[in-house]
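Shown next: upload34.cif, given as mmCIF, C-alpha atoms and all ligand atoms.
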data_work
#
loop_
_atom_site.group_PDB
_atom_site.id
_atom_site.type_symbol
_atom_site.label_atom_id
_atom_site.label_comp_id
_atom_site.auth_asym_id
_atom_site.auth_seq_id
_atom_site.Cartn_x
_atom_site.Cartn_y
_atom_site.Cartn_z
ATOM 1 C CA MET V 1 0.000 0.000 0.000
ATOM 2 C CA SER V 2 1.474 3.412 -0.958
ATOM 3 C CA PHE V 3 0.628 6.995 0.063
ATOM 4 C CA ASP V 4 0.199 8.930 -3.178
ATOM 5 C CA LEU V 5 0.704 12.644 -2.433
ATOM 6 C CA GLY V 6 -0.541 13.418 -5.881
ATOM 7 C CA LEU V 7 -4.063 12.596 -4.778
ATOM 8 C CA PRO V 8 -5.805 15.764 -3.477
ATOM 9 C CA VAL V 9 -7.450 13.859 -0.646
ATOM 10 C CA ASN V 10 -4.092 12.654 0.617
ATOM 11 C CA THR V 11 -2.598 16.131 0.396
ATOM 12 C CA ALA V 12 -5.528 17.530 2.391
ATOM 13 C CA LEU V 13 -5.143 14.765 4.969
ATOM 14 C CA LEU V 14 -1.428 15.427 5.315
ATOM 15 C CA LEU V 15 -1.984 19.166 5.761
ATOM 16 C CA TYR V 16 -4.640 18.490 8.382
ATOM 17 C CA VAL V 17 -2.340 16.104 10.307
ATOM 18 C CA MET V 18 0.449 18.703 10.199
ATOM 19 C CA TYR V 19 -1.946 21.384 11.430
ATOM 20 C CA CYS V 20 -3.027 19.153 14.360
ATOM 21 C CA ILE V 21 0.592 18.420 15.275
ATOM 22 C CA GLN V 22 1.409 22.148 15.159
ATOM 23 C CA ARG V 23 -1.528 22.905 17.514
ATOM 24 C CA ILE V 24 -0.292 20.313 19.984
ATOM 25 C CA VAL V 25 3.385 21.259 19.855
ATOM 26 C CA TRP V 26 2.940 25.085 19.755
ATOM 27 C CA PRO V 27 -0.530 25.680 21.175
ATOM 28 C CA SER V 28 0.110 29.396 21.783
ATOM 29 C CA ALA V 29 0.976 29.984 18.143
ATOM 30 C CA SER V 30 -2.627 29.382 17.094
ATOM 31 C CA ALA V 31 -4.311 30.999 20.139
ATOM 32 C CA PRO V 32 -5.629 34.542 19.727
ATOM 33 C CA LYS V 33 -3.215 37.095 21.190
ATOM 34 C CA THR V 34 -5.960 39.351 22.624
ATOM 35 C CA VAL V 35 -9.571 38.851 23.628
ATOM 36 C CA PRO V 36 -11.616 39.840 20.587
ATOM 37 C CA ASN V 37 -13.806 42.889 21.165
ATOM 38 C CA GLU V 38 -17.043 41.030 20.649
ATOM 39 C CA PHE V 39 -16.292 38.882 23.721
ATOM 40 C CA LYS V 40 -15.374 41.840 25.907
ATOM 41 C CA SER V 41 -18.798 43.421 26.222
ATOM 42 C CA SER V 42 -21.365 41.001 24.898
ATOM 43 C CA TYR V 43 -21.770 38.295 27.526
ATOM 44 C CA THR V 44 -25.497 37.811 27.043
ATOM 45 C CA TRP V 45 -25.659 35.364 29.976
ATOM 46 C CA MET V 46 -24.375 37.829 32.562
ATOM 47 C CA PRO V 47 -26.994 38.703 35.214
ATOM 48 C CA LYS V 48 -28.183 42.322 35.050
ATOM 49 C CA GLY V 49 -27.390 42.838 38.707
ATOM 50 C CA HIS V 50 -26.255 41.014 41.767
ATOM 51 C CA PRO V 51 -29.027 38.861 43.253
ATOM 52 C CA PRO V 52 -30.354 40.230 46.547
ATOM 53 C CA THR V 53 -28.168 39.263 49.465
ATOM 54 C CA LEU V 54 -29.875 37.029 52.000
ATOM 55 C CA LEU V 55 -29.107 38.140 55.528
ATOM 56 C CA PHE V 56 -29.764 36.029 58.599
ATOM 57 C CA LYS V 57 -32.142 38.211 60.589
ATOM 58 C CA THR V 58 -34.334 38.165 63.640
ATOM 59 C CA TYR V 59 -38.043 38.356 62.850
ATOM 60 C CA THR V 60 -41.124 38.735 64.995
ATOM 61 C CA PRO V 61 -44.589 37.543 63.976
ATOM 62 C CA LYS V 62 -45.321 41.129 62.872
ATOM 63 C CA THR V 63 -42.155 41.666 60.829
ATOM 64 C CA LEU V 64 -42.437 38.202 59.283
ATOM 65 C CA SER V 65 -45.996 38.670 58.046
ATOM 66 C CA PRO V 66 -45.216 40.980 55.079
ATOM 67 C CA PHE V 67 -43.129 38.173 53.557
ATOM 68 C CA ASN V 68 -46.165 36.405 52.205
ATOM 69 C CA GLY V 69 -45.374 36.482 48.504
ATOM 70 C CA GLN V 70 -47.847 39.252 47.637
ATOM 71 C CA ASN V 71 -46.578 41.660 44.949
ATOM 72 C CA GLY V 72 -43.639 39.389 44.138
ATOM 73 C CA GLN V 73 -42.323 39.762 47.689
ATOM 74 C CA ARG V 74 -40.050 37.036 49.123
ATOM 75 C CA ILE V 75 -41.829 34.253 51.000
ATOM 76 C CA LEU V 76 -40.723 33.322 54.495
ATOM 77 C CA LEU V 77 -42.240 30.967 57.029
ATOM 78 C CA ALA V 78 -41.189 29.837 60.469
ATOM 79 C CA ILE V 79 -41.232 26.480 62.217
ATOM 80 C CA LYS V 80 -40.274 26.246 65.877
ATOM 81 C CA GLY V 81 -38.424 29.570 65.832
ATOM 82 C CA ILE V 82 -36.481 28.931 62.622
ATOM 83 C CA VAL V 83 -37.279 31.114 59.617
ATOM 84 C CA TYR V 84 -36.988 29.562 56.147
ATOM 85 C CA ASP V 85 -36.903 31.412 52.857
ATOM 86 C CA VAL V 86 -39.335 29.353 50.772
ATOM 87 C CA THR V 87 -39.482 31.770 47.843
ATOM 88 C CA ALA V 88 -38.313 28.937 45.567
ATOM 89 C CA GLY V 89 -41.530 27.105 46.496
ATOM 90 C CA ARG V 90 -43.746 29.984 45.320
ATOM 91 C CA ASN V 91 -46.134 27.483 43.701
ATOM 92 C CA PHE V 92 -46.803 26.008 47.151
ATOM 93 C CA TYR V 93 -46.744 29.153 49.311
ATOM 94 C CA GLY V 94 -47.387 32.043 46.931
ATOM 95 C CA PRO V 95 -50.824 33.628 46.508
ATOM 96 C CA GLY V 96 -53.306 30.923 45.495
ATOM 97 C CA GLY V 97 -50.868 28.155 46.441
ATOM 98 C CA MET V 98 -52.057 25.133 48.398
ATOM 99 C CA TYR V 99 -50.058 26.200 51.474
ATOM 100 C CA ALA V 100 -50.339 29.975 51.033
ATOM 101 C CA ASN V 101 -51.739 30.307 54.566
ATOM 102 C CA PHE V 102 -48.266 29.502 55.964
ATOM 103 C CA ALA V 103 -46.573 32.325 54.034
ATOM 104 C CA GLY V 104 -45.231 34.994 56.368
ATOM 105 C CA ARG V 105 -46.402 33.057 59.415
ATOM 106 C CA ASP V 106 -45.347 30.695 62.168
ATOM 107 C CA ALA V 107 -46.332 27.374 60.573
ATOM 108 C CA SER V 108 -45.261 25.161 63.502
ATOM 109 C CA ARG V 109 -48.690 23.962 64.643
ATOM 110 C CA GLY V 110 -49.993 23.345 61.114
ATOM 111 C CA MET V 111 -46.872 21.348 60.226
ATOM 112 C CA ALA V 112 -47.131 19.333 63.445
ATOM 113 C CA LYS V 113 -50.817 18.549 63.000
ATOM 114 C CA GLN V 114 -50.710 18.229 59.203
ATOM 115 C CA SER V 115 -53.372 20.850 58.792
ATOM 116 C CA PHE V 116 -53.624 24.123 56.964
ATOM 117 C CA GLU V 117 -56.790 25.193 58.777
ATOM 118 C CA GLU V 118 -56.855 28.873 59.798
ATOM 119 C CA ASP V 119 -56.952 28.015 63.522
ATOM 120 C CA MET V 120 -53.479 26.466 63.232
ATOM 121 C CA LEU V 121 -52.080 30.005 62.932
ATOM 122 C CA THR V 122 -51.497 32.265 65.924
ATOM 123 C CA PRO V 123 -52.630 35.877 65.265
ATOM 124 C CA ILE V 124 -49.546 37.989 64.599
ATOM 125 C CA ASP V 125 -50.157 40.302 67.563
ATOM 126 C CA GLN V 126 -50.312 37.400 70.021
ATOM 127 C CA PRO V 127 -47.407 35.733 71.886
ATOM 128 C CA LEU V 128 -45.658 32.893 70.058
ATOM 129 C CA ASP V 129 -47.359 29.495 70.126
ATOM 130 C CA LYS V 130 -45.597 27.486 72.881
ATOM 131 C CA LEU V 131 -46.733 24.193 71.295
ATOM 132 C CA GLU V 132 -46.912 22.641 74.757
ATOM 133 C CA ASP V 133 -49.998 20.554 74.009
ATOM 134 C CA LEU V 134 -48.471 18.727 71.027
ATOM 135 C CA THR V 135 -48.187 14.936 71.227
ATOM 136 C CA GLY V 136 -44.873 13.168 70.663
ATOM 137 C CA GLU V 137 -46.090 12.071 67.278
ATOM 138 C CA GLU V 138 -46.988 15.639 66.305
ATOM 139 C CA ILE V 139 -43.588 16.915 67.429
ATOM 140 C CA ASP V 140 -41.903 14.202 65.360
ATOM 141 C CA ASN V 141 -44.043 15.239 62.453
ATOM 142 C CA MET V 142 -43.000 18.879 62.860
ATOM 143 C CA ARG V 143 -39.327 17.890 63.121
ATOM 144 C CA GLY V 144 -39.722 15.866 59.937
ATOM 145 C CA TRP V 145 -40.934 18.991 58.140
ATOM 146 C CA MET V 146 -38.028 20.971 59.620
ATOM 147 C CA ASP V 147 -35.634 18.422 58.122
ATOM 148 C CA HIS V 148 -37.423 18.745 54.803
ATOM 149 C CA PHE V 149 -37.207 22.555 54.889
ATOM 150 C CA SER V 150 -33.578 22.599 56.033
ATOM 151 C CA ASN V 151 -32.632 20.371 53.109
ATOM 152 C CA LYS V 152 -34.658 22.217 50.516
ATOM 153 C CA TYR V 153 -34.678 25.892 51.512
ATOM 154 C CA ILE V 154 -32.394 28.484 53.080
ATOM 155 C CA VAL V 155 -32.539 29.125 56.801
ATOM 156 C CA CYS V 156 -32.597 32.924 56.917
ATOM 157 C CA GLY V 157 -33.483 33.901 60.443
ATOM 158 C CA ARG V 158 -35.094 33.192 63.760
ATOM 159 C CA LEU V 159 -38.522 34.087 65.070
ATOM 160 C CA VAL V 160 -38.867 35.795 68.436
ATOM 161 C CA GLU V 161 -41.678 37.459 70.378
ATOM 162 C CA ASN V 162 -43.010 40.788 69.065
ATOM 163 C CA ASP V 163 -41.578 42.738 71.970
ATOM 164 C CA ALA V 164 -38.190 40.972 71.974
ATOM 165 C CA THR V 165 -36.435 43.109 69.345
HETATM 166 C C1 LIG V 201 -55.296 16.929 50.487
HETATM 167 C C2 LIG V 201 -54.199 16.339 50.926
HETATM 168 C C3 LIG V 201 -52.864 16.720 50.390
HETATM 169 C C4 LIG V 201 -52.346 16.526 49.161
HETATM 170 C C5 LIG V 201 -53.005 15.883 47.952
HETATM 171 C C6 LIG V 201 -51.000 17.042 49.176
HETATM 172 C C7 LIG V 201 -50.135 17.021 48.108
HETATM 173 C C8 LIG V 201 -48.846 17.443 48.132
HETATM 174 C C9 LIG V 201 -47.908 17.350 47.049
HETATM 175 C C10 LIG V 201 -48.209 16.764 45.679
HETATM 176 C C11 LIG V 201 -46.750 17.871 47.451
HETATM 177 C C12 LIG V 201 -45.492 18.047 46.612
HETATM 178 C C13 LIG V 201 -44.489 17.004 46.961
HETATM 179 C C14 LIG V 201 -43.211 17.297 46.236
HETATM 180 O O1 LIG V 201 -43.200 17.351 45.012
HETATM 181 O O2 LIG V 201 -42.169 17.471 46.910
HETATM 182 C C15 LIG V 201 -46.922 18.306 48.812
HETATM 183 C C16 LIG V 201 -45.957 18.897 49.566
HETATM 184 C C17 LIG V 201 -46.187 19.442 50.802
HETATM 185 N N1 LIG V 201 -47.311 19.325 51.549
HETATM 186 FE FE1 LIG V 201 -49.035 18.446 50.997
HETATM 187 N N2 LIG V 201 -50.737 17.526 50.408
HETATM 188 C C18 LIG V 201 -51.839 17.373 51.173
HETATM 189 C C19 LIG V 201 -51.997 17.736 52.476
HETATM 190 C C20 LIG V 201 -51.106 18.482 53.181
HETATM 191 C C21 LIG V 201 -51.352 19.020 54.503
HETATM 192 C C22 LIG V 201 -52.628 18.831 55.337
HETATM 193 C C23 LIG V 201 -50.286 19.729 54.845
HETATM 194 C C24 LIG V 201 -50.148 20.489 56.124
HETATM 195 C C25 LIG V 201 -49.044 20.699 56.746
HETATM 196 C C26 LIG V 201 -49.326 19.619 53.748
HETATM 197 C C27 LIG V 201 -48.084 20.213 53.705
HETATM 198 C C28 LIG V 201 -47.186 20.049 52.694
HETATM 199 C C29 LIG V 201 -45.875 20.678 52.683
HETATM 200 C C30 LIG V 201 -45.290 21.575 53.744
HETATM 201 C C31 LIG V 201 -45.248 20.274 51.507
HETATM 202 C C32 LIG V 201 -43.817 20.582 51.085
HETATM 203 C C33 LIG V 201 -43.798 21.712 50.119
HETATM 204 C C34 LIG V 201 -42.362 22.113 49.868
HETATM 205 O O3 LIG V 201 -41.515 21.253 49.568
HETATM 206 O O4 LIG V 201 -42.075 23.307 50.006
HETATM 207 N N3 LIG V 201 -49.871 18.847 52.774
HETATM 208 N N4 LIG V 201 -48.196 18.028 49.201
#

Translate the structure of the given file into structure tokens.
Amino acid sequence: MSFDLGLPVNTALLLYVMYCIQRIVWPSASAPKTVPNEFKSSYTWMPKGHPPTLLFKTYTPKTLSPFNGQNGQRILLAIKGIVYDVTAGRNFYGPGGMYANFAGRDASRGMAKQSFEEDMLTPIDQPLDKLEDLTGEEIDNMRGWMDHFSNKYIVCGRLVENDAT
């Protein structure tokens, strides 16, 4: 078998092999010396601004309540004194969502008793629910939800009494 350089296909193949070898041996020779202008300013995937910074804060029932997802607002809820940012679960907690009643509220009792009835929520001007009447099973249930929320959402604060801040 012979390699006939007279054949155009063989010549093309040889040139291609030489080009590949040159790229491996002298990689910088074929790299652009400067960043072309079109790459300097046209990153279409760059975010317009920095996403809002999430600060760990202390909330009270009153200061937590505005975070109920209305008007595109962030959605927070609390379980047993821990505040979770559940904005990513807007379909669940946003306006019209199945669990919208928990948005901006202390959801501890509802999570423990597996109920989204209104009477699971303590009015925001009342002292925090002490949860003293919960059964062991209900507390386990609540802790199960806390595990779920800790794994899925961001812990962004703690909930204290209205007059504690
Ligand atoms: C009518 C009965 C119910 C149905 C059909 C139902 C259905 C669902 C479904 C489909 C999910 C989504 C699961 C997933 O994709 O991760 C979910 C999640 C959830 N459910 Fe229910 N549910 C019911 C009752 C309740 C009750 C009574 C509560 C009260 C605490 C509750 C609290 C939750 C919570 C907290 C989540 C997690 C949402 C999240 O990951 O942010 N559910 N439910």

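Counting all atoms listed in the file and comparing V:Val83, V:Met46, V:Met98, V:Leu54, the residue that lies closest to ligand LIG 201 (chain V) is V:Met98.
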
Would you list the residues that come within 9 Å of ligand LIG 201 (chain V)? Count all atoms listed in the file and give the answer as a ChimeraX atom specification.
/V:86,88-93,98-99,102,107-117,142,145,148-149,152-153

Considering all atoms listed in the file, return as a list in words whatever protein or nucleic-acid residues lie within 10 Å of Gly72 of chain V, sequence-local ones (same chain, fewer than 4 positions apart) excluded. Phe67, Asn68, Thr87, Arg90, Gly94 and Pro95 of chain V

task: Show me as a list of chain:residue names the residues that reach within 9 Å of (-44.1, 33.7, 53.8), counting only C-alpha atoms and using the file's own coordinates.
output: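 In the file's frame, the residues around the point are V:Leu64, V:Ser65, V:Pro66, V:Phe67, V:Asn68, V:Gly69, V:Gln73, V:Arg74, V:Ile75, V:Leu76, V:Leu77, V:Ala78, V:Tyr84, V:Asp85, V:Val86, V:Thr87, V:Tyr93, V:Gly94, V:Ala100, V:Asn101, V:Phe102, V:Ala103, V:Gly104, V:Arg105, V:Asp106.
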
- Query: Which one of V:Lys80, V:Thr63, V:Val17, V:Val25 sits closest to Glu132 of chain V if you count only C-alpha atoms?
  - Reply: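 Among V:Lys80, V:Thr63, V:Val17, V:Val25, it is V:Lys80 that comes nearest to Glu132 of chain V.
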
Exercise: Glu161 of chain V partners within 12 Å, only C-alpha atoms, chain neighbours under 5 positions left out, as a PyMOL selection string:
chain V and resi 58-64+81+106+122+124-130

Calculate, to one decimal in Å, the centre and edge lengths of the box along x, y and z of the file that holds all listed atoms of segment 69-82 of chain V with 4 Å of margin on each side, and present them as lines of an AutoDock Vina configuration file.
center_x = -42.2
center_y = 34.0
center_z = 55.0
size_x = 19.4
size_y = 23.4
size_z = 29.7

Exercise for the section: For atom CA of Arg158 of chain V and atom CA of Lys57 of chain V, quote the distance in Å rounded to one decimal. Expected result: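 Interatomic distance here is 6.6 Å.
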
inquiry  = Please compute the atom CA of Gln70 of chain V-atom CA of Ala164 of chain V distance, one decimal, in Å.
reply    =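 Atom-to-atom, atom CA of Gln70 of chain V to atom CA of Ala164 of chain V, that is 26.2 Å.
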
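When all atoms listed in the file are used to compute distances to Arg143 of chain V, the closest of the residues V:Ala12, V:Gly157, V:Asp163, V:Ile79 turns out to be V:Ile79.
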
Atom CA of Leu55 of chain V and atom CA of Cys156 of chain V, how far apart in Å?
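Interatomic distance here is 6.4 Å.
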
Incomplete segment 80-105 of chain V filled out to N, CA, C and O atoms as a tab-separated table (two decimals), keeping the file's coordinate frame:
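Dumped everything to result_17.tsv:
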chain	number	residue	atom	x	y	z
V	80	LYS	N	-40.99	26.35	64.60
V	80	LYS	CA	-40.27	26.25	65.88
V	80	LYS	C	-39.12	27.25	65.98
V	80	LYS	O	-37.99	26.91	66.31
V	81	GLY	N	-39.40	28.50	65.65
V	81	GLY	CA	-38.42	29.57	65.83
V	81	GLY	C	-37.40	29.72	64.72
V	81	GLY	O	-36.59	30.62	64.75
V	82	ILE	N	-37.44	28.82	63.74
V	82	ILE	CA	-36.48	28.93	62.62
V	82	ILE	C	-37.24	29.49	61.42
V	82	ILE	O	-38.32	29.01	61.07
V	83	VAL	N	-36.63	30.50	60.78
V	83	VAL	CA	-37.28	31.11	59.62
V	83	VAL	C	-36.62	30.59	58.34
V	83	VAL	O	-35.40	30.61	58.20
V	84	TYR	N	-37.46	30.11	57.43
V	84	TYR	CA	-36.99	29.56	56.15
V	84	TYR	C	-37.42	30.50	55.02
V	84	TYR	O	-38.55	31.00	55.04
V	85	ASP	N	-36.53	30.67	54.05
V	85	ASP	CA	-36.90	31.41	52.86
V	85	ASP	C	-37.41	30.38	51.84
V	85	ASP	O	-36.64	29.62	51.26
V	86	VAL	N	-38.73	30.37	51.65
V	86	VAL	CA	-39.34	29.35	50.77
V	86	VAL	C	-39.77	29.97	49.44
V	86	VAL	O	-40.65	29.43	48.76
V	87	THR	N	-39.12	31.09	49.09
V	87	THR	CA	-39.48	31.77	47.84
V	87	THR	C	-39.41	30.82	46.64
V	87	THR	O	-40.23	30.90	45.73
V	88	ALA	N	-38.45	29.88	46.69
V	88	ALA	CA	-38.31	28.94	45.57
V	88	ALA	C	-39.54	28.04	45.45
V	88	ALA	O	-39.78	27.44	44.40
V	89	GLY	N	-40.31	27.94	46.53
V	89	GLY	CA	-41.53	27.10	46.50
V	89	GLY	C	-42.77	27.96	46.31
V	89	GLY	O	-43.82	27.67	46.88
V	90	ARG	N	-42.64	29.03	45.50
V	90	ARG	CA	-43.75	29.98	45.32
V	90	ARG	C	-45.03	29.27	44.90
V	90	ARG	O	-46.12	29.68	45.27
V	91	ASN	N	-44.92	28.20	44.13
V	91	ASN	CA	-46.13	27.48	43.70
V	91	ASN	C	-46.89	26.92	44.90
V	91	ASN	O	-48.11	26.81	44.87
V	92	PHE	N	-46.15	26.54	45.94
V	92	PHE	CA	-46.80	26.01	47.15
V	92	PHE	C	-47.33	27.13	48.05
V	92	PHE	O	-48.42	27.05	48.58
V	93	TYR	N	-46.48	28.16	48.24
V	93	TYR	CA	-46.74	29.15	49.31
V	93	TYR	C	-47.18	30.51	48.80
V	93	TYR	O	-47.62	31.35	49.58
V	94	GLY	N	-47.01	30.74	47.49
V	94	GLY	CA	-47.39	32.04	46.93
V	94	GLY	C	-48.91	32.19	46.90
V	94	GLY	O	-49.64	31.24	47.22
V	95	PRO	N	-49.38	33.40	46.56
V	95	PRO	CA	-50.82	33.63	46.51
V	95	PRO	C	-51.53	32.57	45.66
V	95	PRO	O	-51.10	32.28	44.55
V	96	GLY	N	-52.56	31.97	46.21
V	96	GLY	CA	-53.31	30.92	45.50
V	96	GLY	C	-52.70	29.54	45.65
V	96	GLY	O	-53.28	28.54	45.23
V	97	GLY	N	-51.52	29.45	46.25
V	97	GLY	CA	-50.87	28.16	46.44
V	97	GLY	C	-51.57	27.34	47.53
V	97	GLY	O	-52.27	27.90	48.38
V	98	MET	N	-51.36	26.03	47.47
V	98	MET	CA	-52.06	25.13	48.40
V	98	MET	C	-51.72	25.45	49.86
V	98	MET	O	-52.54	25.28	50.75
V	99	TYR	N	-50.48	25.93	50.10
V	99	TYR	CA	-50.06	26.20	51.47
V	99	TYR	C	-49.80	27.69	51.70
V	99	TYR	O	-48.98	28.08	52.53
V	100	ALA	N	-50.53	28.52	50.96
V	100	ALA	CA	-50.34	29.98	51.03
V	100	ALA	C	-50.59	30.52	52.44
V	100	ALA	O	-50.03	31.54	52.81
V	101	ASN	N	-51.42	29.83	53.21
V	101	ASN	CA	-51.74	30.31	54.57
V	101	ASN	C	-50.49	30.35	55.47
V	101	ASN	O	-50.44	31.10	56.42
V	102	PHE	N	-49.48	29.53	55.14
V	102	PHE	CA	-48.27	29.50	55.96
V	102	PHE	C	-47.30	30.65	55.63
V	102	PHE	O	-46.37	30.91	56.39
V	103	ALA	N	-47.52	31.30	54.49
V	103	ALA	CA	-46.57	32.33	54.03
V	103	ALA	C	-46.56	33.51	54.99
V	103	ALA	O	-47.60	34.08	55.31
V	104	GLY	N	-45.39	33.86	55.46
V	104	GLY	CA	-45.23	34.99	56.37
V	104	GLY	C	-45.66	34.68	57.80
V	104	GLY	O	-45.81	35.59	58.61
V	105	ARG	N	-45.85	33.41	58.10
V	105	ARG	CA	-46.40	33.06	59.42
V	105	ARG	C	-45.57	31.98	60.12
V	105	ARG	O	-44.73	31.34	59.52
